[in-house]
file my_file_23.txt (compact mmCIF, C-alpha atoms and all ligand atoms)
# COMPACT_ATOMS: atom_id res chain seq x y z
CA MET X 19 64.19 82.56 97.63
CA ALA X 20 66.99 84.30 99.56
CA GLU X 21 70.57 83.72 98.48
CA LYS X 22 72.41 81.09 100.60
CA LEU X 23 75.61 81.86 102.51
CA LYS X 24 77.49 78.76 103.59
CA ILE X 25 79.78 78.54 106.57
CA GLY X 26 82.53 76.10 107.52
CA LEU X 27 82.80 75.90 111.32
CA LEU X 28 86.07 74.84 112.94
CA GLY X 29 85.41 73.42 116.41
CA LEU X 30 82.22 72.51 118.22
CA GLY X 31 83.27 73.28 121.78
CA THR X 32 81.57 75.69 124.19
CA VAL X 33 81.37 78.62 121.77
CA GLY X 34 81.30 76.51 118.58
CA SER X 35 78.18 74.65 119.63
CA GLY X 36 76.51 78.00 120.46
CA VAL X 37 76.88 79.32 116.88
CA PRO X 38 74.33 77.02 115.13
CA LEU X 39 71.96 77.68 118.02
CA ILE X 40 72.14 81.47 117.62
CA LEU X 41 71.87 81.24 113.82
CA GLU X 42 68.74 79.10 114.19
CA GLU X 43 67.13 81.21 116.94
CA HIS X 44 67.45 84.43 114.91
CA LYS X 45 67.12 82.96 111.40
CA GLU X 46 64.29 85.27 110.32
CA LYS X 47 65.87 88.46 111.68
CA ILE X 48 69.28 87.62 110.20
CA SER X 49 67.70 86.92 106.83
CA GLN X 50 65.90 90.31 106.91
CA ILE X 51 69.12 92.16 107.82
CA THR X 52 71.42 90.43 105.36
CA GLY X 53 69.04 89.32 102.62
CA MET X 54 70.66 85.90 102.88
CA ASP X 55 69.95 82.51 104.45
CA ILE X 56 73.05 81.79 106.47
CA GLU X 57 73.75 78.16 107.24
CA ILE X 58 76.57 76.02 108.53
CA SER X 59 77.26 73.39 105.91
CA LYS X 60 80.29 71.63 107.45
CA ALA X 61 81.90 71.48 110.88
CA LEU X 62 85.43 70.28 111.54
CA VAL X 63 85.64 68.18 114.71
CA ARG X 64 88.12 65.76 116.22
CA ASN X 65 85.53 63.27 117.36
CA GLU X 66 82.71 62.94 114.84
CA GLU X 67 80.71 60.49 116.92
CA ARG X 68 80.60 62.72 120.00
CA MET X 69 79.34 65.65 117.95
CA ALA X 70 76.79 63.70 115.85
CA TYR X 71 73.92 65.15 117.93
CA HIS X 72 74.71 68.74 116.82
CA ALA X 73 75.18 67.70 113.19
CA GLY X 74 71.85 65.88 113.16
CA ARG X 75 69.95 68.66 114.91
CA PHE X 76 71.28 71.46 112.74
CA ASN X 77 71.68 69.54 109.55
CA PHE X 78 75.34 70.02 108.77
CA GLU X 79 78.07 67.58 107.80
CA LEU X 80 80.85 66.65 110.23
CA VAL X 81 84.35 66.38 108.77
CA ASP X 82 87.71 65.55 110.30
CA ASP X 83 89.87 66.96 107.49
CA PHE X 84 90.19 70.74 107.11
CA ASP X 85 90.73 70.39 103.34
CA GLU X 86 87.07 69.38 102.99
CA ILE X 87 86.16 72.91 104.10
CA LEU X 88 89.07 74.67 102.41
CA ASN X 89 88.35 73.11 99.02
CA ASP X 90 84.59 73.51 99.19
CA ASP X 91 83.90 76.42 96.84
CA GLU X 92 80.40 76.92 98.22
CA ILE X 93 81.78 77.82 101.66
CA GLN X 94 82.46 81.56 101.78
CA ILE X 95 83.11 82.06 105.50
CA VAL X 96 85.30 80.00 107.82
CA VAL X 97 84.55 80.41 111.54
CA GLU X 98 87.50 79.35 113.69
CA LEU X 99 86.63 78.40 117.28
CA ILE X 100 89.34 75.88 118.08
CA GLY X 101 91.49 78.31 120.07
CA LYS X 102 95.24 78.48 120.77
CA ILE X 103 97.87 78.91 118.03
CA GLU X 104 98.14 75.73 115.97
CA PRO X 105 96.42 74.36 113.96
CA ALA X 106 94.14 77.46 114.13
CA LYS X 107 96.81 79.74 112.60
CA SER X 108 97.44 77.45 109.61
CA TYR X 109 93.74 76.91 109.00
CA ILE X 110 92.96 80.66 109.11
CA SER X 111 95.94 81.52 106.88
CA LYS X 112 94.95 78.90 104.29
CA ALA X 113 91.32 80.02 104.35
CA LEU X 114 92.29 83.67 103.78
CA GLU X 115 94.73 82.69 101.00
CA ASN X 116 91.93 80.69 99.41
CA GLY X 117 89.68 83.76 99.29
CA LYS X 118 87.46 82.81 102.23
CA HIS X 119 86.37 85.35 104.84
CA VAL X 120 87.23 84.44 108.43
CA VAL X 121 85.58 84.99 111.81
CA THR X 122 87.47 83.99 114.95
CA ALA X 123 87.34 84.55 118.71
CA ASN X 124 90.95 83.46 119.21
CA LYS X 125 92.60 86.10 121.43
CA ASP X 126 95.90 84.17 121.83
CA LEU X 127 96.31 84.07 118.05
CA LEU X 128 95.20 87.66 117.36
CA ALA X 129 97.43 89.11 120.10
CA GLN X 130 100.47 87.29 118.72
CA TYR X 131 99.86 87.12 114.96
CA GLY X 132 97.00 89.61 114.47
CA SER X 133 98.84 92.08 112.23
CA LYS X 134 100.13 89.28 109.95
CA LEU X 135 96.64 87.82 109.61
CA VAL X 136 95.08 91.25 109.00
CA SER X 137 97.66 91.89 106.21
CA LEU X 138 96.96 88.45 104.75
CA ALA X 139 93.22 89.20 104.70
CA GLN X 140 93.87 92.58 103.05
CA GLY X 141 96.21 91.02 100.48
CA ASN X 142 93.55 88.52 99.51
CA HIS X 143 90.76 91.08 99.56
CA VAL X 144 88.73 89.22 102.18
CA ASP X 145 87.28 90.04 105.62
CA LEU X 146 88.66 89.06 109.02
CA TYR X 147 86.45 89.82 112.06
CA PHE X 148 87.03 88.90 115.70
CA GLU X 149 84.55 90.63 118.04
CA GLY X 150 84.32 87.56 120.31
CA SER X 151 88.06 87.64 121.10
CA VAL X 152 87.75 90.38 123.75
CA ALA X 153 85.21 90.37 126.58
CA GLY X 154 83.00 87.65 124.97
CA GLY X 155 79.50 89.07 124.70
CA ILE X 156 80.37 92.77 125.11
CA PRO X 157 80.47 94.40 121.65
CA ILE X 158 83.53 96.42 122.58
CA LEU X 159 85.71 96.22 119.44
CA ARG X 160 82.87 97.31 117.18
CA THR X 161 82.02 100.11 119.63
CA ILE X 162 85.59 101.44 119.56
CA ALA X 163 85.98 101.03 115.78
CA ASN X 164 82.59 102.50 114.86
CA SER X 165 80.79 104.35 117.64
CA LEU X 166 83.92 106.00 119.06
CA ALA X 167 85.50 106.64 115.65
CA ALA X 168 84.86 110.38 116.06
CA ASP X 169 86.44 110.45 119.50
CA SER X 170 89.98 110.42 120.85
CA ILE X 171 90.49 107.70 123.43
CA GLN X 172 92.90 108.56 126.24
CA LYS X 173 92.63 105.56 128.57
CA VAL X 174 91.20 102.06 128.49
CA TYR X 175 90.81 100.06 131.71
CA GLY X 176 89.47 96.54 131.46
CA ILE X 177 88.32 93.76 133.71
CA VAL X 178 88.79 91.36 130.82
CA ASN X 179 89.38 88.05 132.57
CA GLY X 180 86.30 86.49 134.13
CA THR X 181 88.17 83.75 135.98
CA THR X 182 90.32 86.10 138.05
CA ASN X 183 87.45 88.51 138.65
CA TYR X 184 85.35 85.59 139.90
CA MET X 185 88.19 84.43 142.16
CA LEU X 186 88.84 87.89 143.62
CA THR X 187 85.11 88.46 144.24
CA GLN X 188 84.85 85.13 146.07
CA MET X 189 88.05 85.76 148.05
CA ILE X 190 86.83 89.21 149.11
CA SER X 191 83.09 88.72 149.66
CA GLU X 192 82.96 85.09 150.69
CA SER X 193 86.41 84.89 152.34
CA LYS X 194 87.26 81.88 150.15
CA SER X 195 90.85 80.72 149.74
CA TYR X 196 92.68 81.25 146.45
CA ASP X 197 92.64 77.48 145.73
CA ASP X 198 88.92 77.04 146.45
CA ALA X 199 88.04 80.08 144.32
CA LEU X 200 90.14 78.75 141.41
CA LYS X 201 88.58 75.30 141.66
CA GLU X 202 85.10 76.82 141.52
CA ALA X 203 85.97 79.00 138.51
CA GLN X 204 87.21 75.87 136.71
CA GLU X 205 84.09 73.90 137.60
CA LEU X 206 81.89 76.75 136.37
CA GLY X 207 83.75 76.67 133.05
CA PHE X 208 85.20 80.22 132.93
CA ALA X 209 88.84 79.20 133.19
CA GLU X 210 91.09 78.28 130.27
CA SER X 211 91.92 74.54 129.97
CA ASP X 212 95.17 75.44 131.75
CA PRO X 213 94.26 78.33 134.09
CA THR X 214 97.88 79.60 134.21
CA ASN X 215 97.08 82.17 131.53
CA ASP X 216 94.12 83.40 133.58
CA VAL X 217 95.76 83.75 137.00
CA ASP X 218 99.08 85.04 135.66
CA GLY X 219 97.39 87.82 133.68
CA ILE X 220 98.42 86.51 130.23
CA ASP X 221 94.86 86.04 128.94
CA ALA X 222 94.09 89.63 130.00
CA ALA X 223 97.32 90.83 128.34
CA TYR X 224 96.28 89.24 125.00
CA LYS X 225 92.98 91.10 125.21
CA MET X 226 94.75 94.40 126.06
CA VAL X 227 96.98 94.00 122.98
CA ILE X 228 93.83 93.75 120.82
CA LEU X 229 92.05 96.60 122.67
CA SER X 230 95.13 98.84 122.32
CA GLN X 231 95.19 98.21 118.57
CA PHE X 232 91.57 99.34 118.31
CA ALA X 233 91.77 102.26 120.75
CA PHE X 234 95.12 103.69 119.68
CA GLY X 235 95.85 102.14 116.27
CA MET X 236 99.14 100.75 117.61
CA ASN X 237 100.42 97.21 117.10
CA ILE X 238 102.10 96.28 120.34
CA THR X 239 103.46 92.84 121.21
CA VAL X 240 102.67 90.88 124.38
CA ASP X 241 106.29 91.45 125.54
CA GLN X 242 105.55 95.17 125.66
CA VAL X 243 102.81 94.62 128.24
CA GLU X 244 104.01 94.64 131.86
CA ILE X 245 102.14 91.69 133.40
CA LYS X 246 101.52 90.79 137.04
CA GLY X 247 98.84 88.22 137.91
CA ILE X 248 96.86 87.53 141.08
CA ARG X 249 98.88 84.63 142.59
CA ASP X 250 100.65 86.79 145.20
CA ILE X 251 97.64 88.69 146.53
CA SER X 252 97.46 87.92 150.25
CA VAL X 253 94.43 87.81 152.54
CA ASP X 254 96.03 90.76 154.38
CA ASP X 255 96.08 92.84 151.18
CA VAL X 256 92.43 91.99 150.51
CA LYS X 257 91.43 93.04 154.06
CA MET X 258 93.56 96.15 153.93
CA ALA X 259 92.03 97.20 150.60
CA GLN X 260 88.56 96.82 152.15
CA ASN X 261 89.50 98.85 155.24
CA LEU X 262 90.91 101.65 153.12
CA GLY X 263 87.79 101.80 150.91
CA TYR X 264 89.03 99.85 147.86
CA GLU X 265 88.37 96.58 145.99
CA ILE X 266 91.29 94.68 144.46
CA LYS X 267 90.69 93.91 140.76
CA LEU X 268 92.92 92.52 138.01
CA ILE X 269 92.98 95.46 135.62
CA GLY X 270 94.33 95.70 132.10
CA SER X 271 95.23 99.30 131.38
CA SER X 272 96.27 101.02 128.18
CA GLU X 273 96.96 104.74 128.49
CA LEU X 274 97.94 107.37 125.99
CA CYS X 275 100.66 109.85 126.90
CA ASP X 276 101.21 112.38 124.05
CA ASP X 277 101.97 110.03 121.12
CA SER X 278 102.86 106.85 123.04
CA ILE X 279 101.03 104.27 125.15
CA SER X 280 101.78 102.21 128.25
CA VAL X 281 100.01 98.90 128.59
CA GLU X 282 99.90 96.91 131.78
CA VAL X 283 98.00 94.08 133.48
CA SER X 284 98.16 94.07 137.26
CA PRO X 285 96.09 93.88 140.40
CA MET X 286 94.86 97.38 141.19
CA PHE X 287 93.13 99.01 144.15
CA ILE X 288 89.87 100.45 142.80
CA PRO X 289 87.90 102.92 144.99
CA LYS X 290 84.61 101.26 146.03
CA THR X 291 82.73 104.21 144.53
CA HIS X 292 84.16 103.62 141.03
CA PRO X 293 81.98 101.67 138.51
CA LEU X 294 84.80 99.13 137.93
CA ALA X 295 84.59 98.14 141.63
CA THR X 296 80.98 97.03 141.10
CA VAL X 297 81.93 94.44 138.46
CA ARG X 298 81.55 91.14 140.30
CA ASN X 299 82.20 87.45 139.72
CA GLU X 300 82.80 86.38 136.10
CA SER X 301 81.52 89.63 134.57
CA ASN X 302 83.79 91.75 132.39
CA ALA X 303 83.84 95.52 131.86
CA VAL X 304 85.79 97.97 129.75
CA TYR X 305 86.02 101.54 131.06
CA ILE X 306 87.03 104.15 128.51
CA ASN X 307 88.11 107.73 129.03
CA SER X 308 87.85 109.70 125.81
CA GLN X 309 87.86 113.39 124.90
CA GLY X 310 84.36 113.61 123.41
CA VAL X 311 82.23 111.16 125.38
CA GLY X 312 84.17 111.49 128.65
CA ASN X 313 83.94 108.36 130.77
CA SER X 314 81.93 105.36 129.57
CA MET X 315 81.81 101.76 130.75
CA TYR X 316 80.77 98.68 128.77
CA TYR X 317 79.69 95.80 130.99
CA GLY X 318 78.55 92.23 130.46
CA PRO X 319 79.47 88.57 130.21
CA GLY X 320 83.06 88.01 129.12
CA ALA X 321 82.76 84.33 128.23
CA GLY X 322 80.23 81.55 127.78
CA ALA X 323 78.54 79.82 124.86
CA LYS X 324 75.65 82.16 124.10
CA PRO X 325 77.28 85.57 124.75
CA THR X 326 80.42 84.78 122.75
CA ALA X 327 78.50 82.98 119.97
CA THR X 328 76.30 86.10 119.69
CA SER X 329 79.43 88.18 119.00
CA VAL X 330 80.66 85.59 116.50
CA VAL X 331 77.33 85.62 114.64
CA SER X 332 77.36 89.45 114.59
CA ASP X 333 80.69 89.18 112.71
CA ILE X 334 79.13 86.68 110.28
CA ILE X 335 76.26 89.14 109.69
CA THR X 336 78.73 91.99 109.06
CA ILE X 337 80.53 89.90 106.44
CA ALA X 338 77.22 88.87 104.85
CA LYS X 339 76.28 92.55 104.52
CA ASN X 340 79.73 93.36 103.09
CA ILE X 341 79.30 90.58 100.51
CA LYS X 342 75.86 91.88 99.58
CA MET X 343 77.10 95.47 99.21
CA GLY X 344 80.39 94.51 97.52
CA THR X 345 82.44 96.10 100.31
CA VAL X 346 84.54 93.16 101.48
CA GLY X 347 88.30 93.44 102.05
CA HIS X 348 88.34 96.33 104.52
CA ARG X 349 89.97 96.07 107.93
CA PHE X 350 87.82 95.53 111.06
CA ASN X 351 89.75 98.48 112.51
CA ALA X 352 91.26 100.84 109.96
CA PHE X 353 92.80 103.24 112.52
CA LYS X 354 96.62 103.14 112.34
CA PHE X 355 99.18 105.13 114.31
CA GLN X 356 102.91 104.72 114.74
CA THR X 357 103.55 102.34 117.65
CA LYS X 358 105.45 103.94 120.50
CA ILE X 359 105.74 102.82 124.13
CA THR X 360 105.82 105.43 126.91
CA LYS X 361 109.03 105.49 128.96
CA ASP X 362 108.73 104.54 132.65
CA ASN X 363 109.50 108.09 133.79
CA SER X 364 106.32 109.33 132.09
CA VAL X 365 103.90 106.65 133.40
CA PHE X 366 102.22 107.89 136.59
CA SER X 367 99.98 106.26 139.18
CA LYS X 368 99.27 106.17 142.90
CA TYR X 369 100.60 103.01 144.60
CA TYR X 370 99.81 100.84 147.62
CA PHE X 371 102.75 99.45 149.59
CA SER X 372 102.80 96.93 152.41
CA VAL X 373 106.25 97.00 154.03
CA GLU X 374 107.50 95.01 156.99
CA LEU X 375 110.24 96.56 159.11
CA PRO X 376 111.69 96.21 162.62
CA ASP X 377 109.46 97.91 165.21
CA VAL X 378 112.31 99.91 166.73
CA TYR X 379 113.39 103.52 167.07
CA GLY X 380 114.30 105.36 163.84
CA GLN X 381 112.89 102.89 161.29
CA MET X 382 109.98 105.09 160.28
CA LEU X 383 112.39 107.93 159.61
CA GLN X 384 114.45 105.58 157.44
CA LEU X 385 111.30 104.55 155.54
CA ALA X 386 110.24 108.16 155.00
CA LYS X 387 113.77 109.00 153.81
CA ILE X 388 113.66 106.30 151.09
CA PHE X 389 110.35 107.55 149.71
CA THR X 390 111.38 111.20 150.02
CA GLU X 391 114.71 110.71 148.25
CA SER X 392 112.82 109.23 145.29
CA GLY X 393 110.40 112.16 145.31
CA VAL X 394 107.41 109.99 146.31
CA SER X 395 105.00 111.48 148.85
CA PHE X 396 102.52 109.73 151.14
CA GLU X 397 98.77 110.15 150.79
CA GLN X 398 97.93 107.71 153.62
CA ILE X 399 100.08 105.79 156.07
CA VAL X 400 98.98 103.23 158.68
CA GLN X 401 101.07 101.16 161.08
CA HIS X 402 100.07 97.66 162.21
CA LYS X 403 101.65 95.34 164.71
CA SER X 404 103.17 92.47 162.75
CA GLU X 405 104.73 89.18 163.84
CA LYS X 406 107.57 89.12 166.39
CA GLU X 407 109.28 92.47 166.74
CA ASN X 408 108.14 93.77 163.38
CA ALA X 409 105.70 96.42 162.25
CA ARG X 410 103.71 96.40 159.02
CA ILE X 411 103.40 99.77 157.38
CA ILE X 412 100.67 100.37 154.82
CA ILE X 413 101.20 103.28 152.48
CA ILE X 414 99.15 104.82 149.71
CA THR X 415 101.35 107.20 147.78
CA HIS X 416 100.46 110.28 145.82
CA SER X 417 100.92 109.90 142.07
CA ALA X 418 104.49 108.91 141.17
CA SER X 419 106.25 107.67 138.05
CA LYS X 420 107.00 104.00 137.47
CA CYS X 421 110.71 104.93 137.63
CA GLN X 422 110.32 106.51 141.05
CA ILE X 423 108.40 103.50 142.34
CA LYS X 424 111.01 101.07 140.99
CA ARG X 425 113.69 103.05 142.81
CA VAL X 426 111.70 102.96 146.08
CA VAL X 427 111.24 99.18 145.77
CA TYR X 428 114.97 98.74 145.06
CA GLU X 429 115.98 100.85 148.08
CA LEU X 430 113.48 99.16 150.42
CA SER X 431 114.60 95.70 149.31
CA ASN X 432 118.24 96.63 149.97
CA THR X 433 117.69 98.04 153.45
CA ASP X 434 118.47 95.68 156.35
CA GLY X 435 115.33 94.39 158.07
CA PHE X 436 112.97 95.91 155.48
CA LYS X 437 110.74 93.69 153.34
CA VAL X 438 108.29 94.79 150.64
CA LEU X 439 105.35 92.41 151.23
CA SER X 440 103.32 93.79 148.32
CA GLN X 441 103.00 96.75 146.03
CA TYR X 442 100.05 97.46 143.74
CA LYS X 443 98.76 100.33 141.65
CA VAL X 444 95.90 102.43 143.00
CA PHE X 445 93.32 103.73 140.54
CA GLY X 446 93.13 107.50 140.35
CA GLU X 447 91.79 109.73 137.55
N1 LIG E 501 89.35 82.32 130.51
C1 LIG E 501 88.73 83.49 129.98
C2 LIG E 501 88.18 84.29 131.14
C3 LIG E 501 87.64 83.10 129.01
O1 LIG E 501 88.16 83.81 132.25
O2 LIG E 501 87.78 85.44 130.93
C4 LIG E 501 87.28 84.16 128.03
O3 LIG E 501 88.35 84.58 127.25
call {"tool": "encode", "arguments": {"input": "my_file_23.txt", "output": "structure tokens"}}
result
Amino acid sequence: MAEKLKIGLLGLGTVGSGVPLILEEHKEKISQITGMDIEISKALVRNEERMAYHAGRFNFELVDDFDEILNDDEIQIVVELIGKIEPAKSYISKALENGKHVVTANKDLLAQYGSKLVSLAQGNHVDLYFEGSVAGGIPILRTIANSLAADSIQKVYGIVNGTTNYMLTQMISESKSYDDALKEAQELGFAESDPTNDVDGIDAAYKMVILSQFAFGMNITVDQVEIKGIRDISVDDVKMAQNLGYEIKLIGSSELCDDSISVEVSPMFIPKTHPLATVRNESNAVYINSQGVGNSMYYGPGAGAKPTATSVVSDIITIAKNIKMGTVGHRFNAFKFQTKITKDNSVFSKYYFSVELPDVYGQMLQLAKIFTESGVSFEQIVQHKSEKENARIIIITHSASKCQIKRVVYELSNTDGFKVLSQYKVFGE
């Protein structure tokens, strides 16, 4: 009879309830791969009665006290799927200190306390895996850590928040309002319990912190990510992007410049011909530019019970194999590099501007002067009639540094009658 590997599951929510299902569906295959029978023996839940169905169906015990899992010597792996910081952080820390391996999909926790938890796991010679924390069902962390280990990644661009991608798709293709699109995303279950983190780009920033650690070996903090969400995108910007041949997407970017990186989350104009522009609704994608492979894109479901639970179970299988081979205690991603953030004068991109100004003699010259004095040149420029006596000028710039763009915005905002309606990055390779 195969050796048994017992799991303590924390949380039986959307992803948590998918884990026993995946383990059961692929029982035979998992047993062949690991040489073990993996089973959940206890699940920690807040409301035992509500979850009794799962416990009965999958034959595990429901507990409401974490110590019952922590002090159970037969449980070797703790799977944390509660989310957010506390009590998840305390539970994971105690489990690692107690010599238990941990699997989690908690991006908030890993982005903020990941390096501490990784050190704790190392110190206690146990495993910590978290494939489900970024882009749900897409095996992107393992791909970067293993399959691209022999490559040098230069740029990572991600559509890593399904809620905002769903909203933008609906606003663009179905002409839905921001509020209706958000309501639908909530009803469909993609959004966080409080969707602020989705629409303000924070959820995407957490995922970019984790992706940057894997791609570049650098431990950045969320404060080092420049974040702009989708709240201020206007219907005019959406239409203008379409007319100019672009789709607006919320993009997380992490780019290497010599020995430093710049990490940002912001709405970006993506040319309609680029693969990232084809990623619709709640789907996620991670587009990587690397020296060896060139450009590659990893696409799939970024959330949901089955896709994320599949990633979680793949981590459980990895740990089971490590136990079998006596190779536990190594980092999920062993690549380390000194953390350095690129200065704004070395971060380059093309930009879209929508500027309102008085529709009178000499204003265009004034506008051109502001861009020229900052060394920013125009790639495209279009004038529209705006309200009252105003004109709306749409500009796509050639590539310029973040410093130059900040100076342009400052000058425009301090010129009488001028108003910057919006300003977004434009994707260009
Ligand atoms: N709220 C997240 C999203 C769920 O919309 O992508 C997965 O992290």
call {"tool": "closest_residue", "arguments": {"input": "my_file_23.txt", "among": "X:Ile359, X:Val400, X:Ala223, X:Val331", "to": "ligand LIG 501 (chain E)", "atoms": "all atoms listed in the file"}}
result
X:Ala223
call {"tool": "closest_residue", "arguments": {"input": "my_file_23.txt", "among": "X:Ala418, X:Met19, X:Leu262, X:Ala222", "to": "ligand LIG 501 (chain E)", "atoms": "all atoms listed in the file"}}
result
X:Ala222
call {"tool": "residues_near_ligand", "arguments": {"input": "my_file_23.txt", "ligand": "ligand LIG 501 (chain E)", "cutoff": "8 Å", "atoms": "all atoms listed in the file", "output": "ChimeraX atom specification"}}
result
/X:125,151-154,178-183,208-210,213,215-216,221-222,300,302,320-322
call {"tool": "closest_residue", "arguments": {"input": "my_file_23.txt", "among": "X:Met258, X:Met315, X:Val33, X:Val283", "to": "X:Ala327", "atoms": "all atoms listed in the file"}}
result
X:Val33
call {"tool": "closest_atom_pairs", "arguments": {"input": "my_file_23.txt", "of": "stretch 330-363 of chain X", "to": "stretch 264-278 of chain X", "cutoff": "10 Å", "atoms": "all atoms listed in the file", "output": "CSV"}}
result
residue,atom,partner,partner_atom,distance
X:Phe355,CA,X:Asp277,CA,8.8
X:Gln356,CA,X:Asp277,CA,8.4
X:Thr357,CA,X:Ser278,CA,7.1
X:Lys358,CA,X:Ser278,CA,4.7
X:Ile359,CA,X:Ser278,CA,5.1
X:Thr360,CA,X:Ser278,CA,5.1
X:Lys361,CA,X:Ser278,CA,8.7
call {"tool": "atom_distance", "arguments": {"input": "my_file_23.txt", "atom1": "atom CA of X:Leu383", "atom2": "atom CA of X:Lys257"}}
result
26.3 Å
call {"tool": "atom_distance", "arguments": {"input": "my_file_23.txt", "atom1": "atom CA of X:Asn340", "atom2": "atom CA of X:Leu27"}}
result
19.5 Å
call {"tool": "atom_distance", "arguments": {"input": "my_file_23.txt", "atom1": "atom CA of X:Leu128", "atom2": "atom CA of X:Leu28"}}
result
16.3 Å
call {"tool": "closest_residue", "arguments": {"input": "my_file_23.txt", "among": "X:Glu391, X:Glu57, X:Glu282, X:Glu104", "to": "X:Gly176", "atoms": "all atoms listed in the file"}}
result
X:Glu282
call {"tool": "residues_around", "arguments": {"input": "my_file_23.txt", "residues": "stretch 68-82 of chain X", "least_positions_apart": "4", "cutoff": "10 Å", "atoms": "all atoms listed in the file", "output": "list in words"}}
result
Ile25, Gly26, Leu27, Leu28, Gly29, Leu30, Gly31, Ser35, Pro38, Leu39, Leu41, Glu42, Glu57, Ile58, Ser59, Lys60, Ala61, Leu62, Val63, Arg64, Glu86 and Ile87 of chain X
call {"tool": "residues_near_point", "arguments": {"input": "my_file_23.txt", "point": "(85.7, 78.6, 113.8)", "cutoff": "7 Å", "atoms": "only C-alpha atoms", "output": "PyMOL selection string"}}
result
chain X and resi 27-29+34+96-100+121-122
call {"tool": "closest_residue", "arguments": {"input": "my_file_23.txt", "among": "X:Tyr147, X:Leu159, X:Gly312, X:Asp218", "to": "X:Ser284", "atoms": "all atoms listed in the file"}}
result
X:Asp218
call {"tool": "decode", "arguments": {"input": "my_file_23.txt", "residues": "stretch 131-146 of chain X", "atoms": "N, CA and C atoms", "output": "PDB file, in the first residue's frame"}}
result
ATOM      1  N   TYR X 131       5.019  40.000   2.869  1.00  0.00           N
ATOM      2  CA  TYR X 131       5.859  39.295   3.856  1.00  0.00           C
ATOM      3  C   TYR X 131       6.566  38.089   3.258  1.00  0.00           C
ATOM      4  N   GLY X 132       6.595  38.008   1.912  1.00  0.00           N
ATOM      5  CA  GLY X 132       7.143  36.838   1.230  1.00  0.00           C
ATOM      6  C   GLY X 132       8.566  36.503   1.655  1.00  0.00           C
ATOM      7  N   SER X 133       9.461  37.529   1.684  1.00  0.00           N
ATOM      8  CA  SER X 133      10.864  37.184   1.970  1.00  0.00           C
ATOM      9  C   SER X 133      11.028  36.677   3.395  1.00  0.00           C
ATOM     10  N   LYS X 134      10.233  37.232   4.343  1.00  0.00           N
ATOM     11  CA  LYS X 134      10.306  36.733   5.735  1.00  0.00           C
ATOM     12  C   LYS X 134       9.854  35.275   5.801  1.00  0.00           C
ATOM     13  N   LEU X 135       8.756  34.983   5.103  1.00  0.00           N
ATOM     14  CA  LEU X 135       8.217  33.614   5.152  1.00  0.00           C
ATOM     15  C   LEU X 135       9.156  32.626   4.455  1.00  0.00           C
ATOM     16  N   VAL X 136       9.769  33.075   3.358  1.00  0.00           N
ATOM     17  CA  VAL X 136      10.722  32.204   2.647  1.00  0.00           C
ATOM     18  C   VAL X 136      11.913  31.902   3.575  1.00  0.00           C
ATOM     19  N   SER X 137      12.408  32.931   4.288  1.00  0.00           N
ATOM     20  CA  SER X 137      13.538  32.718   5.220  1.00  0.00           C
ATOM     21  C   SER X 137      13.133  31.762   6.347  1.00  0.00           C
ATOM     22  N   LEU X 138      11.893  31.956   6.828  1.00  0.00           N
ATOM     23  CA  LEU X 138      11.404  31.088   7.908  1.00  0.00           C
ATOM     24  C   LEU X 138      11.356  29.624   7.437  1.00  0.00           C
ATOM     25  N   ALA X 139      10.876  29.437   6.205  1.00  0.00           N
ATOM     26  CA  ALA X 139      10.810  28.073   5.660  1.00  0.00           C
ATOM     27  C   ALA X 139      12.215  27.488   5.552  1.00  0.00           C
ATOM     28  N   GLN X 140      13.147  28.287   5.048  1.00  0.00           N
ATOM     29  CA  GLN X 140      14.540  27.846   4.894  1.00  0.00           C
ATOM     30  C   GLN X 140      15.133  27.478   6.247  1.00  0.00           C
ATOM     31  N   GLY X 141      14.908  28.371   7.223  1.00  0.00           N
ATOM     32  CA  GLY X 141      15.448  28.163   8.574  1.00  0.00           C
ATOM     33  C   GLY X 141      14.943  26.883   9.212  1.00  0.00           C
ATOM     34  N   ASN X 142      13.742  26.488   8.843  1.00  0.00           N
ATOM     35  CA  ASN X 142      13.151  25.284   9.434  1.00  0.00           C
ATOM     36  C   ASN X 142      13.243  24.071   8.505  1.00  0.00           C
ATOM     37  N   HIS X 143      13.968  24.274   7.403  1.00  0.00           N
ATOM     38  CA  HIS X 143      14.220  23.201   6.449  1.00  0.00           C
ATOM     39  C   HIS X 143      12.929  22.562   5.921  1.00  0.00           C
ATOM     40  N   VAL X 144      11.971  23.465   5.582  1.00  0.00           N
ATOM     41  CA  VAL X 144      10.711  22.966   5.008  1.00  0.00           C
ATOM     42  C   VAL X 144      10.414  23.728   3.708  1.00  0.00           C
ATOM     43  N   ASP X 145       9.418  23.228   2.973  1.00  0.00           N
ATOM     44  CA  ASP X 145       9.053  23.834   1.681  1.00  0.00           C
ATOM     45  C   ASP X 145       7.945  24.876   1.831  1.00  0.00           C
ATOM     46  N   LEU X 146       8.004  25.880   0.959  1.00  0.00           N
ATOM     47  CA  LEU X 146       6.926  26.870   0.862  1.00  0.00           C
ATOM     48  C   LEU X 146       6.688  27.112  -0.633  1.00  0.00           C
TER      49      LEU X 146
END
